[in-house]
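protein-v8.csv follows; it contains CSV, C-alpha atoms and all ligand atoms.
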```
chain,number,residue,atom,x,y,z
K,1,MET,CA,-135.3,-105.7,100.5
K,2,THR,CA,-138.5,-103.6,100.1
K,3,THR,CA,-140.5,-101.2,102.2
K,4,ASP,CA,-143.1,-104.1,102.3
K,5,ASP,CA,-140.5,-106.3,104.1
K,6,LEU,CA,-139.9,-103.5,106.7
K,7,ALA,CA,-143.7,-103.1,107.2
K,8,ALA,CA,-144.0,-106.9,107.6
K,9,ALA,CA,-141.2,-106.9,110.2
K,10,VAL,CA,-142.7,-104.1,112.2
K,11,ALA,CA,-146.1,-105.8,112.2
K,12,ALA,CA,-144.6,-109.1,113.2
K,13,LEU,CA,-142.8,-107.5,116.2
K,14,ARG,CA,-146.0,-105.9,117.3
K,15,ARG,CA,-147.7,-109.3,117.2
K,16,ASP,CA,-144.8,-110.6,119.5
K,17,GLU,CA,-143.3,-112.6,116.7
K,18,LEU,CA,-139.5,-112.7,116.0
K,19,VAL,CA,-137.7,-110.8,113.3
K,20,ALA,CA,-134.1,-111.3,112.2
K,21,PHE,CA,-132.3,-108.1,111.1
K,22,PRO,CA,-128.9,-107.0,109.9
K,23,THR,CA,-126.5,-105.0,112.0
K,24,GLU,CA,-122.9,-104.0,111.2
K,25,THR,CA,-121.6,-106.8,113.5
K,26,VAL,CA,-123.8,-109.9,113.0
K,27,TYR,CA,-127.5,-110.5,112.3
K,28,GLY,CA,-129.7,-110.2,115.4
K,29,LEU,CA,-132.9,-112.2,116.3
K,30,GLY,CA,-135.2,-109.5,117.6
K,31,ALA,CA,-138.2,-109.5,120.0
K,32,ARG,CA,-139.9,-106.5,121.7
K,33,ALA,CA,-138.0,-105.9,124.9
K,34,SER,CA,-141.1,-105.0,126.9
K,35,SER,CA,-143.0,-108.1,125.9
K,36,PRO,CA,-142.7,-111.2,128.1
K,37,ALA,CA,-144.5,-113.3,125.4
K,38,ALA,CA,-142.1,-112.2,122.7
K,39,LEU,CA,-139.1,-112.8,124.9
K,40,ARG,CA,-140.3,-116.3,125.9
K,41,ARG,CA,-140.6,-117.1,122.2
K,42,LEU,CA,-137.1,-115.7,121.6
K,43,TYR,CA,-135.5,-117.9,124.2
K,44,ALA,CA,-137.4,-121.0,123.0
K,45,VAL,CA,-136.3,-120.5,119.3
K,46,LYS,CA,-132.7,-119.7,120.3
K,47,GLY,CA,-132.6,-122.7,122.6
K,48,ARG,CA,-130.8,-120.4,125.1
K,49,PRO,CA,-130.9,-120.8,128.9
K,50,VAL,CA,-133.1,-118.1,130.3
K,51,ASP,CA,-130.4,-116.8,132.7
K,52,HIS,CA,-128.3,-115.6,129.7
K,53,PRO,CA,-129.1,-111.9,129.2
K,54,VAL,CA,-129.6,-110.5,125.7
K,55,ILE,CA,-128.7,-107.1,124.2
K,56,VAL,CA,-131.5,-104.5,123.9
K,57,HIS,CA,-131.2,-102.4,120.7
K,58,VAL,CA,-132.5,-98.8,120.4
K,59,SER,CA,-132.7,-96.4,117.5
K,60,SER,CA,-130.4,-93.6,118.8
K,61,ALA,CA,-128.4,-92.5,121.8
K,62,ASP,CA,-131.3,-90.3,122.9
K,63,ARG,CA,-133.2,-93.5,123.6
K,64,LEU,CA,-130.7,-94.8,126.2
K,65,ASP,CA,-132.8,-93.3,129.0
K,66,SER,CA,-135.9,-95.1,127.7
K,67,VAL,CA,-134.5,-98.5,128.5
K,68,ALA,CA,-132.0,-97.7,131.2
K,69,VAL,CA,-131.5,-95.6,134.4
K,70,ILE,CA,-128.1,-94.0,133.9
K,71,GLU,CA,-126.2,-93.6,137.2
K,72,HIS,CA,-122.8,-92.7,135.8
K,73,GLU,CA,-122.4,-90.1,133.1
K,74,VAL,CA,-119.6,-92.1,131.5
K,75,ALA,CA,-122.3,-94.1,129.8
K,76,TYR,CA,-123.6,-90.9,128.0
K,77,ARG,CA,-120.0,-90.1,127.0
K,78,LEU,CA,-119.5,-93.5,125.5
K,79,ALA,CA,-122.8,-93.5,123.8
K,80,ALA,CA,-122.1,-90.1,122.2
K,81,ALA,CA,-118.7,-91.2,121.1
K,82,PHE,CA,-119.5,-94.6,119.6
K,83,TRP,CA,-123.2,-94.9,118.7
K,84,PRO,CA,-124.4,-95.9,116.2
K,85,GLY,CA,-121.6,-98.5,116.5
K,86,SER,CA,-120.2,-101.8,117.8
K,87,LEU,CA,-120.4,-101.0,121.5
K,88,THR,CA,-122.8,-102.4,124.0
K,89,LEU,CA,-123.1,-100.6,127.3
K,90,VAL,CA,-124.2,-102.5,130.5
K,91,VAL,CA,-126.2,-100.1,132.6
K,92,ALA,CA,-129.0,-100.3,135.2
K,93,ARG,CA,-132.3,-101.6,133.6
K,94,ARG,CA,-135.4,-99.5,133.4
K,95,ILE,CA,-137.9,-102.0,134.8
K,96,ASP,CA,-141.0,-100.8,133.0
K,97,ALA,CA,-139.3,-100.8,129.6
K,98,VAL,CA,-137.2,-104.0,129.6
K,99,ASP,CA,-138.7,-107.1,130.9
K,100,ALA,CA,-136.6,-109.1,133.4
K,101,LEU,CA,-136.7,-112.0,130.9
K,102,ALA,CA,-134.4,-110.0,128.6
K,103,THR,CA,-131.7,-109.7,131.3
K,104,GLY,CA,-131.8,-113.1,132.9
K,105,GLY,CA,-133.3,-111.4,136.0
K,106,ARG,CA,-130.3,-109.1,136.4
K,107,PRO,CA,-130.7,-105.5,137.5
K,108,THR,CA,-128.6,-104.4,134.5
K,109,VAL,CA,-129.2,-104.3,130.8
K,110,GLY,CA,-126.9,-104.3,127.8
K,111,VAL,CA,-127.9,-101.6,125.3
K,112,ARG,CA,-126.6,-100.8,121.8
K,113,VAL,CA,-127.4,-98.6,118.8
K,114,PRO,CA,-126.4,-100.6,115.7
K,115,ALA,CA,-124.7,-98.9,112.8
K,116,HIS,CA,-126.9,-100.3,110.0
K,117,GLU,CA,-129.5,-98.3,108.1
K,118,LEU,CA,-132.1,-101.0,108.0
K,119,ALA,CA,-131.8,-101.8,111.7
K,120,LEU,CA,-132.2,-98.1,112.6
K,121,GLU,CA,-135.2,-97.8,110.4
K,122,LEU,CA,-136.8,-100.9,112.0
K,123,LEU,CA,-136.0,-99.6,115.5
K,124,ALA,CA,-137.4,-96.2,114.8
K,125,GLN,CA,-140.7,-97.6,113.5
K,126,VAL,CA,-141.2,-100.1,116.3
K,127,ASP,CA,-140.6,-97.4,118.9
K,128,ASP,CA,-139.6,-99.9,121.6
K,129,GLY,CA,-136.3,-101.5,122.5
K,130,ILE,CA,-135.6,-104.7,120.5
K,131,ALA,CA,-134.0,-107.5,122.5
K,132,ALA,CA,-131.7,-109.3,120.1
K,133,PRO,CA,-129.1,-112.0,120.5
K,134,SER,CA,-127.2,-113.1,117.5
K,135,ALA,CA,-129.6,-114.9,115.1
K,136,ASN,CA,-128.2,-118.4,115.5
K,137,ARG,CA,-129.3,-121.4,117.6
K,138,PHE,CA,-127.6,-121.5,121.0
K,139,GLY,CA,-124.0,-122.8,120.6
K,140,ARG,CA,-123.8,-122.1,116.8
K,141,VAL,CA,-121.7,-119.5,115.0
K,142,SER,CA,-123.2,-116.0,114.6
K,143,PRO,CA,-124.7,-115.4,111.2
K,144,THR,CA,-123.3,-112.6,109.0
K,145,THR,CA,-125.7,-113.1,106.1
K,146,ALA,CA,-129.5,-113.4,105.8
K,147,ALA,CA,-129.0,-116.8,104.1
K,148,ALA,CA,-127.1,-118.0,107.2
K,149,VAL,CA,-130.0,-117.0,109.4
K,150,ARG,CA,-132.5,-118.9,107.3
K,151,ALA,CA,-130.2,-121.9,107.2
K,152,ASP,CA,-130.0,-122.0,111.0
K,153,LEU,CA,-133.5,-120.8,112.1
K,154,GLY,CA,-135.8,-121.8,109.2
K,155,ASP,CA,-139.4,-121.0,109.7
K,156,ASP,CA,-139.0,-120.2,113.4
K,157,VAL,CA,-138.4,-116.6,112.5
K,158,ALA,CA,-141.4,-114.7,111.0
K,159,VAL,CA,-139.4,-112.2,108.9
K,160,VAL,CA,-135.7,-112.1,107.9
K,161,LEU,CA,-134.6,-108.6,106.7
K,162,ASP,CA,-131.8,-108.9,104.2
K,163,GLY,CA,-129.3,-106.1,104.5
K,164,GLY,CA,-126.4,-107.9,102.8
K,165,PRO,CA,-123.3,-109.3,104.5
K,166,CYS,CA,-122.3,-107.6,107.8
K,167,GLY,CA,-119.4,-105.2,107.4
K,168,VAL,CA,-117.7,-105.8,110.8
K,169,GLY,CA,-118.4,-109.5,111.1
K,170,ILE,CA,-117.8,-110.1,114.8
K,171,GLU,CA,-120.0,-109.2,117.8
K,172,SER,CA,-119.9,-105.8,119.6
K,173,THR,CA,-117.5,-104.8,122.3
K,174,ILE,CA,-119.3,-105.0,125.7
K,175,VAL,CA,-118.5,-102.6,128.5
K,176,ASP,CA,-119.9,-102.6,132.0
K,177,CYS,CA,-120.5,-99.0,133.1
K,178,THR,CA,-122.0,-99.7,136.5
K,179,ARG,CA,-118.9,-98.6,138.4
K,180,GLY,CA,-118.5,-95.2,136.9
K,181,ASP,CA,-115.2,-94.4,135.1
K,182,ASP,CA,-113.8,-97.8,136.2
K,183,ILE,CA,-115.3,-99.4,133.1
K,184,ARG,CA,-114.9,-103.1,132.5
K,185,VAL,CA,-114.6,-104.7,129.1
K,186,LEU,CA,-116.6,-107.9,129.1
K,187,ARG,CA,-116.1,-108.8,125.4
K,188,LEU,CA,-113.7,-107.5,122.9
K,189,GLY,CA,-115.0,-106.1,119.6
K,190,ALA,CA,-114.4,-103.5,116.9
K,191,VAL,CA,-114.5,-100.6,119.4
K,192,THR,CA,-111.0,-101.0,120.7
K,193,VAL,CA,-109.7,-100.7,124.3
K,194,ASP,CA,-107.5,-97.8,123.3
K,195,ALA,CA,-110.5,-95.9,121.8
K,196,LEU,CA,-112.5,-96.5,125.0
K,197,ALA,CA,-109.6,-95.3,127.1
K,198,GLU,CA,-109.4,-92.1,125.1
K,199,VAL,CA,-113.0,-91.2,125.8
K,200,VAL,CA,-113.0,-92.3,129.4
K,201,GLY,CA,-109.6,-90.8,130.3
K,202,ARG,CA,-108.2,-94.0,131.9
K,203,MET,CA,-107.4,-97.5,130.9
K,204,PRO,CA,-110.4,-99.9,131.1
K,205,THR,CA,-110.2,-103.2,133.1
K,206,ILE,CA,-110.4,-106.2,130.8
K,207,VAL,CA,-112.4,-108.9,132.5
K,208,ASP,CA,-111.9,-112.4,131.1
K,209,ASN,CA,-114.2,-114.5,133.3
K,210,GLY,CA,-116.7,-114.8,130.5
K,211,SER,CA,-119.2,-117.2,132.1
K,212,VAL,CA,-119.6,-114.9,135.1
K,213,ALA,CA,-119.5,-111.4,133.6
K,214,ALA,CA,-121.1,-112.0,130.2
K,215,PRO,CA,-122.7,-115.4,130.0
K,216,GLY,CA,-122.8,-115.6,126.3
K,217,THR,CA,-119.0,-115.6,126.0
K,218,LEU,CA,-118.5,-119.3,126.6
K,219,PRO,CA,-116.0,-120.8,124.2
K,220,SER,CA,-118.5,-123.0,122.4
K,221,HIS,CA,-120.4,-120.0,121.2
K,222,TYR,CA,-117.8,-119.1,118.7
K,223,ALA,CA,-116.9,-122.5,117.3
K,224,PRO,CA,-117.9,-124.3,114.1
K,225,ARG,CA,-118.6,-128.0,114.1
K,226,THR,CA,-115.3,-128.5,112.3
K,227,PRO,CA,-112.5,-128.8,115.0
K,228,VAL,CA,-110.4,-125.7,115.0
K,229,ALA,CA,-106.6,-125.8,115.9
K,230,LEU,CA,-104.3,-122.9,116.3
K,231,VAL,CA,-101.0,-122.7,114.5
K,232,GLY,CA,-98.4,-121.2,116.8
K,233,VAL,CA,-96.2,-119.3,114.4
K,234,ASP,CA,-93.6,-118.8,117.2
K,235,ALA,CA,-93.2,-122.6,117.6
K,236,ILE,CA,-90.0,-124.3,116.5
K,237,ASP,CA,-91.9,-126.2,113.8
K,238,PRO,CA,-95.2,-124.4,113.5
K,239,TRP,CA,-96.5,-126.4,110.5
K,240,HIS,CA,-95.7,-129.8,112.0
K,241,ASP,CA,-99.3,-130.6,113.0
K,242,VAL,CA,-100.7,-129.4,109.6
K,243,GLU,CA,-98.2,-131.5,107.8
K,244,ALA,CA,-99.0,-134.5,109.9
K,245,ALA,CA,-102.7,-134.1,109.2
K,246,VAL,CA,-102.2,-133.8,105.5
K,247,THR,CA,-100.0,-136.8,105.4
K,248,ALA,CA,-102.6,-138.8,107.3
K,249,GLY,CA,-105.0,-138.0,104.5
K,250,ALA,CA,-107.1,-135.4,106.4
K,251,ARG,CA,-109.0,-132.8,104.4
K,252,ILE,CA,-107.9,-129.6,106.1
K,253,GLY,CA,-108.4,-125.8,105.8
K,254,VAL,CA,-105.9,-123.1,106.7
K,255,LEU,CA,-107.0,-119.6,107.7
K,256,ALA,CA,-104.2,-117.1,107.9
K,257,LEU,CA,-103.6,-113.5,106.8
K,258,ALA,CA,-102.4,-113.4,103.1
K,259,THR,CA,-99.0,-112.3,104.4
K,260,VAL,CA,-98.5,-115.6,106.2
K,261,ALA,CA,-96.6,-118.2,104.1
K,262,VAL,CA,-98.1,-121.6,104.5
K,263,ALA,CA,-95.2,-124.1,104.3
K,264,VAL,CA,-97.3,-127.2,103.5
K,265,THR,CA,-98.7,-128.6,100.3
K,266,GLY,CA,-101.9,-130.6,100.1
K,267,VAL,CA,-104.1,-128.2,102.0
K,268,THR,CA,-107.7,-128.6,100.8
K,269,VAL,CA,-108.7,-124.9,101.2
K,270,ARG,CA,-106.6,-121.8,102.1
K,271,TRP,CA,-108.4,-118.7,103.3
K,272,SER,CA,-106.2,-115.7,103.2
K,273,PRO,CA,-107.8,-112.4,104.3
K,274,GLU,CA,-105.8,-109.3,103.1
K,275,SER,CA,-106.3,-107.3,106.3
K,276,ILE,CA,-107.5,-107.6,109.8
K,277,ASP,CA,-110.8,-105.9,108.8
K,278,ASP,CA,-111.3,-108.6,106.2
K,279,TYR,CA,-110.3,-111.3,108.7
K,280,ALA,CA,-113.0,-110.2,111.1
K,281,ARG,CA,-115.6,-109.6,108.4
K,282,ASP,CA,-115.2,-113.1,106.9
K,283,LEU,CA,-114.4,-115.1,110.0
K,284,TYR,CA,-117.8,-116.6,110.6
K,285,SER,CA,-118.6,-117.3,107.0
K,286,THR,CA,-115.2,-119.1,106.9
K,287,PHE,CA,-116.3,-121.2,109.9
K,288,ARG,CA,-119.6,-122.0,108.1
K,289,ALA,CA,-117.8,-122.9,104.9
K,290,ALA,CA,-115.5,-125.3,106.8
K,291,ASP,CA,-118.6,-127.1,108.0
K,292,THR,CA,-120.3,-127.1,104.6
K,293,LEU,CA,-117.2,-128.5,103.0
K,294,GLY,CA,-117.0,-131.2,105.7
K,295,LEU,CA,-113.4,-130.5,106.5
K,296,ASP,CA,-111.7,-132.7,109.1
K,297,ARG,CA,-110.0,-129.8,110.7
K,298,LEU,CA,-109.5,-126.0,110.3
K,299,PHE,CA,-106.0,-124.7,111.2
K,300,VAL,CA,-106.0,-121.0,112.1
K,301,VAL,CA,-103.1,-118.6,112.4
K,302,ALA,CA,-104.5,-115.9,114.7
K,303,PRO,CA,-103.6,-112.3,113.8
K,304,LEU,CA,-101.1,-110.5,116.1
K,305,GLY,CA,-101.6,-107.1,117.6
K,306,GLY,CA,-104.1,-105.1,119.6
K,307,GLY,CA,-107.4,-103.5,118.5
K,308,LEU,CA,-109.6,-105.5,116.1
K,309,ALA,CA,-106.8,-108.2,115.9
K,310,ALA,CA,-107.2,-108.8,119.6
K,311,ALA,CA,-110.9,-109.2,119.2
K,312,VAL,CA,-110.4,-111.7,116.3
K,313,ARG,CA,-107.8,-113.6,118.3
K,314,ASP,CA,-110.3,-113.8,121.2
K,315,ARG,CA,-112.9,-115.5,118.9
K,316,VAL,CA,-110.5,-118.0,117.3
K,317,GLU,CA,-109.0,-118.9,120.6
K,318,ARG,CA,-112.4,-119.6,122.0
K,319,ALA,CA,-113.3,-121.6,118.8
K,320,ALA,CA,-110.1,-123.7,119.3
K,321,ALA,CA,-110.7,-124.2,123.0
K,322,ARG,CA,-114.0,-125.9,122.5
K,401,LIG,O1,-122.9,-107.3,118.1
K,401,LIG,C1,-123.7,-107.8,118.9
K,401,LIG,O2,-123.6,-107.5,120.1
K,401,LIG,C2,-124.8,-108.7,118.4
K,401,LIG,C3,-125.8,-107.9,117.5
K,401,LIG,C4,-127.0,-108.6,117.2
K,401,LIG,O3,-126.1,-106.7,118.2
K,401,LIG,N1,-125.5,-109.3,119.5
K,401,LIG,C5,-124.9,-110.3,120.2
K,401,LIG,O4,-125.8,-110.8,121.2
K,401,LIG,O5,-123.8,-110.7,120.1
K,401,LIG,P1,-125.6,-112.1,122.0
K,401,LIG,O6,-126.9,-112.4,122.7
K,401,LIG,O7,-125.2,-113.2,121.1
K,401,LIG,O8,-124.5,-111.8,123.0
K,401,LIG,C6,-124.9,-110.9,124.1
K,401,LIG,C7,-123.8,-110.8,125.1
K,401,LIG,C8,-123.7,-112.0,125.9
K,401,LIG,O9,-122.4,-112.4,126.1
K,401,LIG,C9,-124.4,-111.6,127.2
K,401,LIG,O10,-123.9,-112.3,128.3
K,401,LIG,C10,-123.9,-110.1,127.3
K,401,LIG,O11,-124.1,-109.7,125.9
K,401,LIG,N2,-124.9,-109.3,128.1
K,401,LIG,C11,-126.1,-108.9,127.8
K,401,LIG,N3,-126.6,-108.2,128.8
K,401,LIG,C12,-125.8,-108.2,129.8
K,401,LIG,C13,-125.7,-107.7,131.1
K,401,LIG,N4,-126.8,-107.1,131.6
K,401,LIG,N5,-124.6,-108.0,131.9
K,401,LIG,C14,-123.6,-108.6,131.4
K,401,LIG,N6,-123.5,-109.1,130.1
K,401,LIG,C15,-124.6,-108.9,129.3
K,402,MG,MG,-124.4,-114.9,120.2
```
Written as structure tokens, how would this file's structure read?
Amino acid sequence: MTTDDLAAAVAALRRDELVAFPTETVYGLGARASSPAALRRLYAVKGRPVDHPVIVHVSSADRLDSVAVIEHEVAYRLAAAFWPGSLTLVVARRIDAVDALATGGRPTVGVRVPAHELALELLAQVDDGIAAPSANRFGRVSPTTAAAVRADLGDDVAVVLDGGPCGVGIESTIVDCTRGDDIRVLRLGAVTVDALAEVVGRMPTIVDNGSVAAPGTLPSHYAPRTPVALVGVDAIDPWHDVEAAVTAGARIGVLALATVAVAVTGVTVRWSPESIDDYARDLYSTFRAADTLGLDRLFVVAPLGGGLAAAVRDRVERAAAR
């Protein structure tokens, strides 16, 4: 990554071309949020239905008012507490700054300041909101490396800024702030429900009607091509299905925390993250690896507990539900 790359990225965005950039969660595919031409290109390349809103990224909390009209001060409190960071705020859209194409025609907009040096530099230089969904084709797993972006999008993206592997690894927490302090969590992420409650002073409502509240949260959005099956560690014989698959000659992978003992021999690959942070960070690269290896099935033991573990569980349950 050089300053030339950054200059090329800024120039491309100004020409209404697309630029992929790293964030701490996943790589984003960016277009200028005020440009209908750039947004049309974004939706075409992503292959995403135009009624699915995308997140608008800005360079600092001070810029929230440049893309949104804040009606409830809770949004400012959350921005001050968590930005830069893995939290997207859904607030009223400023119509002259964010084209309706970015929000699927909704009166609201999702806004976030990513916690990544390179992303912040890009945002500061462009001096406009950057609309950016995850930098994968519609229905594929979010990319957490520049190589994964290239593999998925090829030459359809003008510039891919390489900021190394993403540190968090799963998409941001999304919070609807349009009802004041009665905030609603539309998607779980690294900013936890408890942390939100502490800032707001009351427990948020967790909404799990994905397709209505946050259209991008459909199950298929988090699934690899390899079929994913959950291992219920509370079941009487949790490893029964894994054993049966191995006996039938299937090439299978198992993903489970290192502390989980896998009571089956003949597993082709065992992924064993040491912590919940590692589990989240490596989840999508594990999904991609399962596809690359051409496994017949990926068995997953979802992590227990709240916080980031709950967000990881949400992703693997959706992957298995496909
Ligand atoms: O971590 C992230 O959030 C990453 C990085 C690139 O910032 N972005 C990301 O974008 O995951 P995407 O497009 O893959 O997911 C955006 C989610 C979708 O579920 C969408 O429905 C929701 O945000 N969203 C965006 N604007 C919204 C709005 N106005 N109301 C409700 N949901 C919204
Ligand atoms: Mg996505």
| said: With all atoms listed in the file as the counted atoms, please give the residues lying no more than 9 Å from Ala146 in chain K, apart from itself and same-chain residues fewer than 4 positions off, as a ChimeraX atom specification. | reply: /K:20-22,27,150-151,160-165
May I have the residues from that selection written out with C-alpha atoms, as a PDB file, keeping the file's coordinate frame?
```pdb
ATOM      1  CA  ALA K  20    -134.100-111.300 112.200  1.00  0.00           C
ATOM      2  CA  PHE K  21    -132.300-108.100 111.100  1.00  0.00           C
ATOM      3  CA  PRO K  22    -128.900-107.000 109.900  1.00  0.00           C
ATOM      4  CA  TYR K  27    -127.500-110.500 112.300  1.00  0.00           C
ATOM      5  CA  ARG K 150    -132.500-118.900 107.300  1.00  0.00           C
ATOM      6  CA  ALA K 151    -130.200-121.900 107.200  1.00  0.00           C
ATOM      7  CA  VAL K 160    -135.700-112.100 107.900  1.00  0.00           C
ATOM      8  CA  LEU K 161    -134.600-108.600 106.700  1.00  0.00           C
ATOM      9  CA  ASP K 162    -131.800-108.900 104.200  1.00  0.00           C
ATOM     10  CA  GLY K 163    -129.300-106.100 104.500  1.00  0.00           C
ATOM     11  CA  GLY K 164    -126.400-107.900 102.800  1.00  0.00           C
ATOM     12  CA  PRO K 165    -123.300-109.300 104.500  1.00  0.00           C
TER      13      PRO K 165
END
```
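Residues lying within 6 Å of (-107.3, -126.0, 101.5). Counted over only C-alpha atoms, they are Ile252, Gly253, Val267, Thr268, Val269 and Arg270 of chain K.
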| field | Atom pair CA of Leu295 in chain K / CA of Leu283 in chain K: separation (Å) | value |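 Atom-to-atom, CA of Leu295 in chain K and CA of Leu283 in chain K are spaced 15.8 Å apart.
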Find the spatial neighbours of range 132-143 of chain K, counting only C-alpha atoms, within a cut-off of 7 Å - ignore same-chain residues fewer than 5 positions away - and output them as a CSV table (one decimal) with C-alpha atoms, in the coordinates of the input.
```csv
chain,number,residue,atom,x,y,z
K,20,ALA,CA,-134.1,-111.3,112.2
K,26,VAL,CA,-123.8,-109.9,113.0
K,27,TYR,CA,-127.5,-110.5,112.3
K,28,GLY,CA,-129.7,-110.2,115.4
K,29,LEU,CA,-132.9,-112.2,116.3
K,30,GLY,CA,-135.2,-109.5,117.6
K,31,ALA,CA,-138.2,-109.5,120.0
K,46,LYS,CA,-132.7,-119.7,120.3
K,47,GLY,CA,-132.6,-122.7,122.6
K,48,ARG,CA,-130.8,-120.4,125.1
K,54,VAL,CA,-129.6,-110.5,125.7
K,55,ILE,CA,-128.7,-107.1,124.2
K,56,VAL,CA,-131.5,-104.5,123.9
K,57,HIS,CA,-131.2,-102.4,120.7
K,148,ALA,CA,-127.1,-118.0,107.2
K,149,VAL,CA,-130.0,-117.0,109.4
K,152,ASP,CA,-130.0,-122.0,111.0
K,153,LEU,CA,-133.5,-120.8,112.1
K,220,SER,CA,-118.5,-123.0,122.4
K,221,HIS,CA,-120.4,-120.0,121.2
K,222,TYR,CA,-117.8,-119.1,118.7
K,223,ALA,CA,-116.9,-122.5,117.3
K,224,PRO,CA,-117.9,-124.3,114.1
K,284,TYR,CA,-117.8,-116.6,110.6
```
| Pick the closest to ligand MG 402 (chain K) from K:Leu87, K:Ile170, K:Val301, K:Val126: which is it, counting only C-alpha atoms and all ligand atoms? | K:Ile170
Fix up range 89-100 of chain K with N, CA and C atoms, then write it as a PDB file, in the coordinates of the input.
```pdb
ATOM      1  N   LEU K  89    -123.355-101.133 126.004  1.00  0.00           N
ATOM      2  CA  LEU K  89    -123.100-100.600 127.300  1.00  0.00           C
ATOM      3  C   LEU K  89    -124.001-101.368 128.337  1.00  0.00           C
ATOM      4  N   VAL K  90    -123.398-101.888 129.392  1.00  0.00           N
ATOM      5  CA  VAL K  90    -124.200-102.500 130.500  1.00  0.00           C
ATOM      6  C   VAL K  90    -124.424-101.494 131.540  1.00  0.00           C
ATOM      7  N   VAL K  91    -125.712-101.214 131.743  1.00  0.00           N
ATOM      8  CA  VAL K  91    -126.200-100.100 132.600  1.00  0.00           C
ATOM      9  C   VAL K  91    -127.379-100.640 133.420  1.00  0.00           C
ATOM     10  N   ALA K  92    -127.883 -99.855 134.374  1.00  0.00           N
ATOM     11  CA  ALA K  92    -129.000-100.300 135.200  1.00  0.00           C
ATOM     12  C   ALA K  92    -130.290-100.339 134.275  1.00  0.00           C
ATOM     13  N   ARG K  93    -131.084-101.375 134.438  1.00  0.00           N
ATOM     14  CA  ARG K  93    -132.300-101.600 133.600  1.00  0.00           C
ATOM     15  C   ARG K  93    -133.447-100.733 134.079  1.00  0.00           C
ATOM     16  N   ARG K  94    -134.193-100.181 133.114  1.00  0.00           N
ATOM     17  CA  ARG K  94    -135.400 -99.500 133.400  1.00  0.00           C
ATOM     18  C   ARG K  94    -136.537-100.550 133.465  1.00  0.00           C
ATOM     19  N   ILE K  95    -137.100-100.822 134.650  1.00  0.00           N
ATOM     20  CA  ILE K  95    -137.900-102.000 134.800  1.00  0.00           C
ATOM     21  C   ILE K  95    -139.226-102.003 134.020  1.00  0.00           C
ATOM     22  N   ASP K  96    -139.753-100.809 133.738  1.00  0.00           N
ATOM     23  CA  ASP K  96    -141.000-100.800 133.000  1.00  0.00           C
ATOM     24  C   ASP K  96    -140.792-100.915 131.487  1.00  0.00           C
ATOM     25  N   ALA K  97    -139.554-100.775 131.031  1.00  0.00           N
ATOM     26  CA  ALA K  97    -139.300-100.800 129.600  1.00  0.00           C
ATOM     27  C   ALA K  97    -138.634-102.075 129.107  1.00  0.00           C
ATOM     28  N   VAL K  98    -137.895-102.735 130.005  1.00  0.00           N
ATOM     29  CA  VAL K  98    -137.200-104.000 129.600  1.00  0.00           C
ATOM     30  C   VAL K  98    -137.620-105.054 130.602  1.00  0.00           C
ATOM     31  N   ASP K  99    -138.292-106.063 130.078  1.00  0.00           N
ATOM     32  CA  ASP K  99    -138.700-107.100 130.900  1.00  0.00           C
ATOM     33  C   ASP K  99    -137.544-107.908 131.496  1.00  0.00           C
ATOM     34  N   ALA K 100    -137.710-108.404 132.731  1.00  0.00           N
ATOM     35  CA  ALA K 100    -136.600-109.100 133.400  1.00  0.00           C
ATOM     36  C   ALA K 100    -136.168-110.346 132.593  1.00  0.00           C
TER      37      ALA K 100
END
```
